[in-house]
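Participant: To be precise about what I am sending: the file is called input.txt and holds compact mmCIF, C-alpha atoms.
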```txt
# COMPACT_ATOMS: atom_id res chain seq x y z
CA MET G 126 -21.43 114.44 -6.62
CA ILE G 127 -23.96 115.35 -9.33
CA PRO G 128 -27.27 113.55 -8.65
CA VAL G 129 -28.85 111.27 -11.23
CA GLN G 130 -31.98 112.57 -12.91
CA GLN G 131 -34.61 110.17 -14.15
CA TRP G 132 -38.12 110.41 -15.53
CA GLN G 133 -40.58 108.18 -13.69
CA ILE G 134 -44.09 106.96 -14.39
CA SER G 135 -45.68 107.79 -11.05
CA SER G 136 -49.16 107.16 -12.42
CA PHE G 137 -50.25 106.43 -15.97
CA GLY G 138 -50.44 109.25 -18.51
CA ILE G 139 -47.92 111.54 -20.18
CA ASP G 140 -48.88 114.41 -17.89
CA SER G 141 -48.07 112.25 -14.85
CA LEU G 142 -44.42 111.72 -15.77
CA THR G 143 -42.21 113.05 -12.98
CA LEU G 144 -38.57 114.18 -13.15
CA VAL G 145 -36.82 113.08 -9.95
CA GLU G 146 -33.28 113.08 -8.59
CA ARG G 147 -31.49 110.11 -7.07
CA ASP G 148 -28.01 109.45 -5.72
CA SER G 149 -25.60 108.16 -8.34
CA PRO G 150 -25.78 104.34 -8.21
CA ALA G 151 -22.70 102.20 -7.62
CA PRO G 152 -22.30 99.20 -9.93
CA GLY G 153 -22.45 95.93 -8.03
CA SER G 154 -20.68 92.73 -8.94
CA GLY G 155 -21.03 91.94 -12.63
CA ARG G 156 -22.72 95.25 -13.36
CA VAL G 157 -21.83 98.37 -15.33
CA LYS G 158 -22.65 102.02 -14.73
CA ILE G 159 -23.46 103.98 -17.88
CA ARG G 160 -23.68 107.70 -18.54
CA VAL G 161 -26.66 107.94 -20.89
CA HIS G 162 -26.24 110.38 -23.77
CA ALA G 163 -29.37 109.72 -25.84
CA VAL G 164 -32.66 107.82 -25.66
CA SER G 165 -34.98 106.98 -28.54
CA LEU G 166 -38.72 106.34 -28.40
CA ASN G 167 -40.77 103.40 -29.60
CA TYR G 168 -44.54 103.06 -29.75
CA ARG G 169 -44.25 100.57 -26.89
CA ASP G 170 -42.82 103.32 -24.67
CA LEU G 171 -45.88 105.47 -25.29
CA MET G 172 -48.19 102.55 -24.49
CA VAL G 173 -46.27 101.82 -21.26
CA VAL G 174 -46.56 105.45 -20.13
CA GLN G 175 -50.28 105.51 -20.97
CA GLY G 176 -50.93 102.27 -19.08
CA LEU G 177 -52.07 100.48 -22.24
CA TYR G 178 -49.15 98.06 -22.47
CA ASN G 179 -49.43 96.60 -18.97
CA PRO G 180 -52.10 98.17 -16.75
CA LYS G 181 -50.72 96.15 -13.81
CA LEU G 182 -47.18 97.51 -14.19
CA ALA G 183 -45.54 98.13 -10.82
CA LEU G 184 -45.01 101.86 -10.34
CA PRO G 185 -42.97 103.98 -10.20
CA ARG G 186 -41.08 102.86 -13.30
CA VAL G 187 -38.42 104.57 -15.42
CA PRO G 188 -39.65 104.24 -19.05
CA CYS G 189 -37.93 103.70 -22.40
CA SER G 190 -36.06 100.65 -23.62
CA ASP G 191 -33.59 102.31 -26.00
CA GLY G 192 -30.56 104.32 -24.99
CA ALA G 193 -26.86 104.72 -25.71
CA GLY G 194 -24.02 106.06 -23.64
CA GLU G 195 -20.55 105.47 -22.28
CA VAL G 196 -19.30 103.24 -19.51
CA ILE G 197 -18.16 105.27 -16.49
CA ALA G 198 -17.58 102.52 -13.90
CA VAL G 199 -17.66 98.73 -13.64
CA GLY G 200 -18.32 96.40 -10.73
CA ASP G 201 -16.26 93.48 -9.50
CA GLY G 202 -15.82 90.67 -12.00
CA VAL G 203 -16.66 92.70 -15.10
CA THR G 204 -14.28 91.76 -17.93
CA GLN G 205 -16.07 92.82 -21.14
CA TRP G 206 -16.24 96.56 -20.50
CA LYS G 207 -14.10 99.44 -19.32
CA ALA G 208 -14.60 103.16 -18.74
CA GLY G 209 -15.08 105.03 -22.00
CA ASP G 210 -16.62 102.17 -23.98
CA ARG G 211 -19.54 103.24 -26.21
CA ILE G 212 -22.50 100.97 -25.61
CA ALA G 213 -26.25 100.48 -25.88
CA GLY G 214 -28.45 98.33 -23.67
CA ILE G 215 -30.20 95.33 -25.18
CA PHE G 216 -34.00 95.40 -25.11
CA MET G 217 -34.48 92.18 -23.14
CA GLN G 218 -31.63 91.92 -20.68
CA ASN G 219 -31.84 88.11 -20.43
CA TRP G 220 -32.21 87.17 -24.12
CA LEU G 221 -28.64 86.63 -25.23
CA ASP G 222 -29.03 84.21 -28.14
CA GLY G 223 -31.19 81.46 -29.61
CA ASP G 224 -34.98 81.35 -29.68
CA PRO G 225 -37.02 83.25 -27.10
CA ASN G 226 -38.60 81.61 -24.08
CA PRO G 227 -40.36 82.97 -20.98
CA THR G 228 -37.10 83.24 -19.05
CA LYS G 229 -35.26 85.07 -21.82
CA THR G 230 -38.06 87.56 -22.45
CA LYS G 231 -38.24 88.67 -18.83
CA GLY G 232 -36.32 91.77 -17.90
CA ALA G 233 -37.33 94.08 -20.75
CA LEU G 234 -36.05 97.60 -20.19
CA GLY G 235 -38.74 100.18 -19.51
CA GLY G 236 -41.26 97.45 -18.70
CA ASP G 237 -40.30 94.61 -16.39
CA ILE G 238 -37.41 96.70 -15.08
CA ASP G 239 -36.46 100.38 -15.12
CA GLY G 240 -35.51 101.74 -18.52
CA MET G 241 -33.11 104.24 -20.00
CA LEU G 242 -34.80 107.63 -19.55
CA ALA G 243 -32.22 108.78 -17.00
CA THR G 244 -28.84 110.47 -16.90
CA GLU G 245 -27.20 107.30 -15.50
CA VAL G 246 -28.21 103.64 -15.40
CA VAL G 247 -26.67 100.43 -14.11
CA LEU G 248 -27.06 97.26 -16.19
CA PRO G 249 -25.62 93.73 -16.15
CA GLU G 250 -22.40 93.18 -18.06
CA HIS G 251 -24.16 90.85 -20.51
CA GLY G 252 -26.96 93.36 -21.15
CA LEU G 253 -24.85 95.66 -23.32
CA VAL G 254 -23.47 95.75 -26.85
CA ARG G 255 -20.79 97.93 -28.42
CA VAL G 256 -22.20 100.46 -30.88
CA PRO G 257 -20.65 101.22 -34.31
CA ASP G 258 -17.97 103.89 -34.12
CA HIS G 259 -19.37 106.03 -36.94
CA LEU G 260 -22.70 106.66 -35.20
CA SER G 261 -23.53 109.65 -33.04
CA TRP G 262 -25.06 109.06 -29.62
CA ALA G 263 -28.50 109.91 -31.01
CA GLU G 264 -28.10 107.48 -33.91
CA ALA G 265 -26.80 104.71 -31.64
CA ALA G 266 -29.80 105.15 -29.34
CA THR G 267 -32.20 104.20 -32.16
CA LEU G 268 -30.86 100.66 -32.51
CA PRO G 269 -31.99 98.42 -29.60
CA CYS G 270 -35.68 97.98 -30.41
CA ALA G 271 -36.56 99.34 -33.86
CA GLY G 272 -33.27 98.39 -35.48
CA VAL G 273 -33.10 94.86 -34.07
CA THR G 274 -36.80 94.28 -34.80
CA ALA G 275 -36.38 95.22 -38.45
CA TRP G 276 -33.21 93.13 -38.72
CA ASN G 277 -35.00 90.13 -37.22
CA ALA G 278 -37.95 90.57 -39.59
CA LEU G 279 -35.79 90.60 -42.71
CA PHE G 280 -33.14 88.04 -41.89
CA ASN G 281 -34.62 85.68 -39.30
CA ALA G 282 -38.35 85.72 -39.96
CA CYS G 283 -37.45 85.68 -43.64
CA ASP G 284 -34.15 85.51 -45.53
CA ILE G 285 -34.23 88.52 -47.80
CA ARG G 286 -31.93 88.29 -50.79
CA PRO G 287 -31.20 90.34 -53.93
CA GLY G 288 -34.26 90.54 -56.15
CA ASN G 289 -36.81 89.87 -53.40
CA THR G 290 -39.61 92.36 -52.80
CA VAL G 291 -40.40 93.76 -49.35
CA LEU G 292 -43.50 95.77 -48.45
CA ILE G 293 -43.21 98.21 -45.54
CA GLN G 294 -46.11 99.96 -43.80
CA GLY G 295 -45.80 103.56 -42.67
CA THR G 296 -42.69 105.56 -41.88
CA GLY G 297 -42.00 104.82 -38.22
CA GLY G 298 -38.72 103.56 -36.83
CA VAL G 299 -39.11 99.85 -37.64
CA SER G 300 -40.39 100.51 -41.16
CA ILE G 301 -37.57 102.89 -42.06
CA PHE G 302 -34.94 100.51 -40.69
CA ALA G 303 -36.57 97.72 -42.71
CA LEU G 304 -36.30 99.89 -45.82
CA GLN G 305 -32.62 100.56 -45.18
CA PHE G 306 -31.75 96.93 -44.42
CA ALA G 307 -33.73 95.66 -47.40
CA LYS G 308 -31.85 97.97 -49.75
CA LEU G 309 -28.55 96.82 -48.23
CA ALA G 310 -29.63 93.26 -49.10
CA GLY G 311 -30.39 94.22 -52.70
CA ALA G 312 -34.17 93.89 -52.38
CA HIS G 313 -36.93 95.81 -54.11
CA VAL G 314 -38.97 97.84 -51.59
CA LEU G 315 -42.59 98.99 -51.77
CA GLY G 316 -43.85 101.49 -49.21
CA ILE G 317 -47.30 102.67 -48.16
CA SER G 318 -48.05 105.77 -46.11
CA SER G 319 -50.89 108.18 -45.40
CA SER G 320 -48.68 111.13 -46.40
CA ASP G 321 -47.38 112.06 -49.86
CA ALA G 322 -44.66 114.13 -48.20
CA LYS G 323 -43.44 111.10 -46.23
CA LEU G 324 -43.54 108.96 -49.38
CA ALA G 325 -41.29 111.52 -51.06
CA ARG G 326 -38.83 111.23 -48.17
CA GLU G 327 -38.91 107.45 -48.51
CA LYS G 328 -37.99 107.84 -52.17
CA ASP G 329 -34.86 109.68 -51.06
CA LEU G 330 -33.97 106.64 -48.93
CA GLY G 331 -34.36 104.27 -51.86
CA VAL G 332 -37.94 102.99 -51.81
CA ASP G 333 -38.73 101.76 -55.31
CA ALA G 334 -42.45 102.59 -55.34
CA GLY G 335 -44.85 104.20 -52.89
CA LEU G 336 -48.61 104.50 -52.45
CA ASN G 337 -50.79 106.75 -50.31
CA TYR G 338 -53.22 104.35 -48.61
CA ARG G 339 -55.56 107.20 -47.64
CA THR G 340 -56.34 107.95 -51.28
CA ASN G 341 -55.79 104.40 -52.57
CA LEU G 342 -57.42 102.05 -50.08
CA ASP G 343 -56.73 98.80 -51.91
CA TRP G 344 -52.97 98.83 -51.42
CA GLU G 345 -52.81 95.03 -51.58
CA LYS G 346 -54.02 95.18 -55.21
CA TRP G 347 -51.35 97.78 -55.93
CA ALA G 348 -48.70 95.50 -54.39
CA MET G 349 -49.87 92.69 -56.66
CA GLU G 350 -49.67 94.97 -59.70
CA GLN G 351 -46.17 96.08 -58.71
CA THR G 352 -45.03 92.44 -58.64
CA GLY G 353 -46.70 91.32 -61.86
CA GLY G 354 -49.44 89.49 -59.98
CA ALA G 355 -47.07 87.37 -57.92
CA GLY G 356 -47.16 89.23 -54.59
CA VAL G 357 -44.35 90.39 -52.34
CA ASP G 358 -41.90 88.06 -50.62
CA LEU G 359 -42.21 89.76 -47.23
CA VAL G 360 -44.61 92.17 -45.56
CA VAL G 361 -43.19 93.99 -42.53
CA GLU G 362 -46.56 94.15 -40.74
CA VAL G 363 -46.79 96.90 -38.13
CA GLY G 364 -50.52 97.57 -38.27
CA GLY G 365 -51.97 94.48 -36.62
CA SER G 366 -55.39 92.99 -37.21
CA GLY G 367 -56.63 96.08 -39.05
CA THR G 368 -54.03 95.68 -41.83
CA LEU G 369 -53.30 91.95 -41.66
CA PRO G 370 -56.15 90.90 -44.03
CA ARG G 371 -54.71 93.12 -46.76
CA SER G 372 -51.19 91.89 -46.02
CA LEU G 373 -52.41 88.32 -46.50
CA ARG G 374 -53.59 89.29 -49.96
CA ALA G 375 -50.43 91.24 -50.83
CA VAL G 376 -47.88 88.50 -50.10
CA ARG G 377 -46.96 85.84 -52.64
CA ALA G 378 -47.89 82.19 -52.24
CA GLY G 379 -45.41 80.72 -49.78
CA GLY G 380 -44.36 84.19 -48.66
CA THR G 381 -43.87 85.61 -45.19
CA ILE G 382 -45.57 88.20 -43.03
CA ALA G 383 -43.37 89.44 -40.19
CA GLN G 384 -45.96 90.46 -37.59
CA ILE G 385 -44.48 93.24 -35.49
CA GLY G 386 -47.01 95.81 -34.37
CA VAL G 387 -50.62 96.37 -33.36
CA LEU G 388 -51.01 100.01 -34.32
CA THR G 389 -54.54 99.44 -35.63
CA GLY G 390 -55.68 97.56 -32.53
CA VAL G 391 -56.42 93.92 -31.84
CA ALA G 392 -60.19 93.54 -32.23
CA GLU G 393 -60.62 92.85 -35.96
CA THR G 394 -61.61 89.41 -37.25
CA VAL G 395 -59.03 87.83 -39.56
CA ASP G 396 -59.91 85.20 -42.17
CA VAL G 397 -57.28 82.47 -41.82
CA ARG G 398 -58.16 80.67 -45.05
CA PRO G 399 -55.55 82.46 -47.20
CA ILE G 400 -52.87 81.31 -44.76
CA LEU G 401 -53.87 77.70 -45.47
CA THR G 402 -54.65 77.82 -49.17
CA ARG G 403 -51.61 79.93 -50.13
CA HIS G 404 -49.15 78.31 -47.71
CA LEU G 405 -48.35 81.62 -46.04
CA ARG G 406 -46.03 82.01 -43.07
CA ILE G 407 -46.75 84.48 -40.27
CA HIS G 408 -43.74 85.01 -38.05
CA GLY G 409 -44.16 87.00 -34.86
CA VAL G 410 -41.23 89.32 -34.19
CA TYR G 411 -40.66 90.65 -30.68
CA VAL G 412 -37.38 92.55 -31.08
CA GLY G 413 -34.53 89.99 -30.89
CA SER G 414 -31.57 88.68 -28.95
CA ARG G 415 -28.20 90.16 -28.04
CA ALA G 416 -26.69 87.99 -30.79
CA ASP G 417 -29.09 89.55 -33.32
CA PHE G 418 -28.04 93.01 -32.11
CA VAL G 419 -24.35 92.17 -32.55
CA ALA G 420 -24.92 90.80 -36.07
CA MET G 421 -26.91 93.90 -37.02
CA ASN G 422 -24.23 96.23 -35.66
CA LYS G 423 -21.58 94.41 -37.72
CA ALA G 424 -23.59 95.07 -40.89
CA ILE G 425 -24.24 98.69 -39.90
CA GLY G 426 -20.56 99.23 -39.18
CA GLU G 427 -19.41 97.69 -42.45
CA SER G 428 -21.96 99.58 -44.56
CA LYS G 429 -21.70 102.85 -42.58
CA LEU G 430 -25.51 102.95 -42.53
CA LYS G 431 -26.98 105.95 -40.73
CA PRO G 432 -30.29 105.61 -38.85
CA VAL G 433 -32.96 108.16 -39.74
CA ILE G 434 -33.86 110.61 -36.97
CA GLY G 435 -36.97 112.68 -37.56
CA ASP G 436 -37.26 114.69 -34.32
CA THR G 437 -34.94 115.51 -31.42
CA PHE G 438 -35.98 116.76 -27.97
CA PRO G 439 -33.98 117.81 -24.89
CA PHE G 440 -34.14 115.59 -21.80
CA ALA G 441 -36.24 118.16 -19.94
CA ASP G 442 -38.90 117.93 -22.68
CA ALA G 443 -39.35 114.15 -22.60
CA PRO G 444 -43.16 114.49 -22.27
CA ALA G 445 -43.22 116.57 -25.47
CA ALA G 446 -41.30 113.81 -27.26
CA LEU G 447 -43.95 111.29 -26.19
CA ARG G 448 -46.69 113.60 -27.43
CA ARG G 449 -44.91 113.74 -30.77
CA MET G 450 -44.99 109.94 -30.85
CA GLU G 451 -48.67 110.06 -29.94
CA SER G 452 -49.40 112.37 -32.88
CA ALA G 453 -48.03 109.77 -35.35
CA GLN G 454 -46.63 112.60 -37.46
CA HIS G 455 -42.97 111.63 -37.08
CA PHE G 456 -40.71 110.13 -39.76
CA GLY G 457 -38.08 107.67 -38.58
CA LYS G 458 -37.00 107.87 -34.96
CA ILE G 459 -37.73 110.35 -32.17
CA VAL G 460 -34.68 110.94 -29.98
CA ILE G 461 -34.26 112.55 -26.55
CA GLU G 462 -30.80 113.98 -25.98
CA VAL G 463 -29.53 113.65 -22.41
CA PRO G 464 -27.40 116.53 -21.07
```
Re-express the file's structure as structure tokens.
Facilitator:
Amino acid sequence: MIPVQQWQISSFGIDSLTLVERDSPAPGSGRVKIRVHAVSLNYRDLMVVQGLYNPKLALPRVPCSDGAGEVIAVGDGVTQWKAGDRIAGIFMQNWLDGDPNPTKTKGALGGDIDGMLATEVVLPEHGLVRVPDHLSWAEAATLPCAGVTAWNALFNACDIRPGNTVLIQGTGGVSIFALQFAKLAGAHVLGISSSDAKLAREKDLGVDAGLNYRTNLDWEKWAMEQTGGAGVDLVVEVGGSGTLPRSLRAVRAGGTIAQIGVLTGVAETVDVRPILTRHLRIHGVYVGSRADFVAMNKAIGESKLKPVIGDTFPFADAPAALRRMESAQHFGKIVIEVP
């Protein structure tokens, strides 16, 4: 029997990741064994490995929430899945539908429990979704966190419709998915980035106007100009407190900010007065439920949308993939292909 390989956080830091071998696990009752074919990275995964996400995380831990593969065995009582099914794990294994609560948000892959950076994993029957047939393994692996987060931001935090304007920040996985979903919905999309080259790539994906925020600091004024002084309907906010004040000034009265990330840190002071005087809505988005994932996959399957992969690394070079994430030079998703 071929042993299972898995990357483990033995102590915090990319250089402390350890590749270990384990016996192939048997799926217990109600559980499914999956042969992992691809894993994608999120900024959260980097923070977990560095010890910045949860310094009290019980170690060792297998990192990474996002992966796709095929079912190779099922335990007693499993009725939804059979060998050969193409699946991805859901980010939070207990959040199946409805609004989140403390019980549902326990069991996040690569955090509360071991994640997907392994050649085989065993997950509960309810913790999986079928992936669209037209996607490669690498493309399917990008969906669980970044895809569902962007979907939730556009269609649950807000209700984006044709003619609306969406502002995206940067060119990471969530932002690029938000661009793609917004265009599917018929929206107008504005994008900001620190790189003219990345803005050019966004244009190829359909962004309607872009701005380099390194050379044009007042991007909120630009967003206002682009909307005739009205402001955008939705800001997909990945920066955190460092960008939120500008987002508050870029959104229209009565508009929505989908607060997703904290890339700029959490220490800045934010003036809450615009939220009150302009009747703004800030909606926190922490990925989404299994039901959200299923709805997103239906839209992806019908539209034949293809996720954007910027960099691909072999399984043996997983630390290099995390360093690429750390550099913030990627465009779209970083994927690790599992042999």
Participant: Write out as a ChimeraX atom specification which residues come within 9 Å of G:Asp333 when counting all atoms listed in the file, dropping same-chain ones fewer than 4 positions away.
Facilitator: /G:313-316,327-328
Participant: Extract, using only C-alpha atoms, all DNA, RNA and protein residues at most 9 Å from G:Ser319, discarding same-chain residues fewer than 4 positions from it, and format them as a ChimeraX atom specification.
Facilitator: /G:295,323-324,336-340
Participant: Would you save the residues from that selection as a PDB file, keeping the file's coordinate frame, using C-alpha atoms?
Facilitator:
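New file part_8.pdb:
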```
ATOM      1  CA  GLY G 295     -45.800 103.560 -42.670  1.00  0.00           C
ATOM      2  CA  LYS G 323     -43.440 111.100 -46.230  1.00  0.00           C
ATOM      3  CA  LEU G 324     -43.540 108.960 -49.380  1.00  0.00           C
ATOM      4  CA  LEU G 336     -48.610 104.500 -52.450  1.00  0.00           C
ATOM      5  CA  ASN G 337     -50.790 106.750 -50.310  1.00  0.00           C
ATOM      6  CA  TYR G 338     -53.220 104.350 -48.610  1.00  0.00           C
ATOM      7  CA  ARG G 339     -55.560 107.200 -47.640  1.00  0.00           C
ATOM      8  CA  THR G 340     -56.340 107.950 -51.280  1.00  0.00           C
TER       9      THR G 340
END
```
Participant: Which residue, G:Ala151, G:Val463, G:Met172, G:Val129, has the smallest gap to G:Phe438 when you use all atoms listed in the file?
Facilitator: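 Among the listed residues, the smallest separation from G:Phe438 belongs to G:Val463.
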Participant: With distances taken over all atoms listed in the file, which of G:Arg374, G:Lys158, G:Arg186, G:Arg449 is nearest to G:Ile134?
Facilitator: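 So, comparing all the options, the nearest one is G:Arg186.
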Participant: What's the separation between atom CA of G:Arg160 and atom CA of G:Val247, in Å to one decimal place?
Facilitator: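 So the answer is 9.0 Å.
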Participant: For each of G:Leu342, G:Val196, G:Leu359, G:Ile407, take the minimum atom-to-atom distance to G:Arg286, counting all atoms listed in the file, then give the residue where this is smallest.
Facilitator: G:Leu359
Participant: Using atom CA of G:Ala303 and atom CA of G:Val256 as the two end points, give the distance in Å to one decimal.
Facilitator: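 Result for atom CA of G:Ala303 versus atom CA of G:Val256: 18.8 Å, one decimal.
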Participant: Would you mind reading off the distance between atom CA of G:His259 and atom CA of G:Ala424, one decimal, in Å?
Facilitator: 12.4 Å
Participant: Kindly indicate which residue among G:Val376, G:Leu309, G:Ile127, G:Ala325 lies nearest to G:Thr290, using all atoms listed in the file for the distances.
Facilitator: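 Going through G:Val376, G:Leu309, G:Ile127, G:Ala325 one by one, the smallest distance to G:Thr290 is for G:Val376.
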Participant: Near G:Arg326, within 12 Å and counting all atoms listed in the file, which residues show up once chain neighbours fewer than 6 positions away are dropped, as a PyMOL selection string?
Facilitator: chain G and resi 295-296+301+304+316+318+320+332-335+433+435+455-457
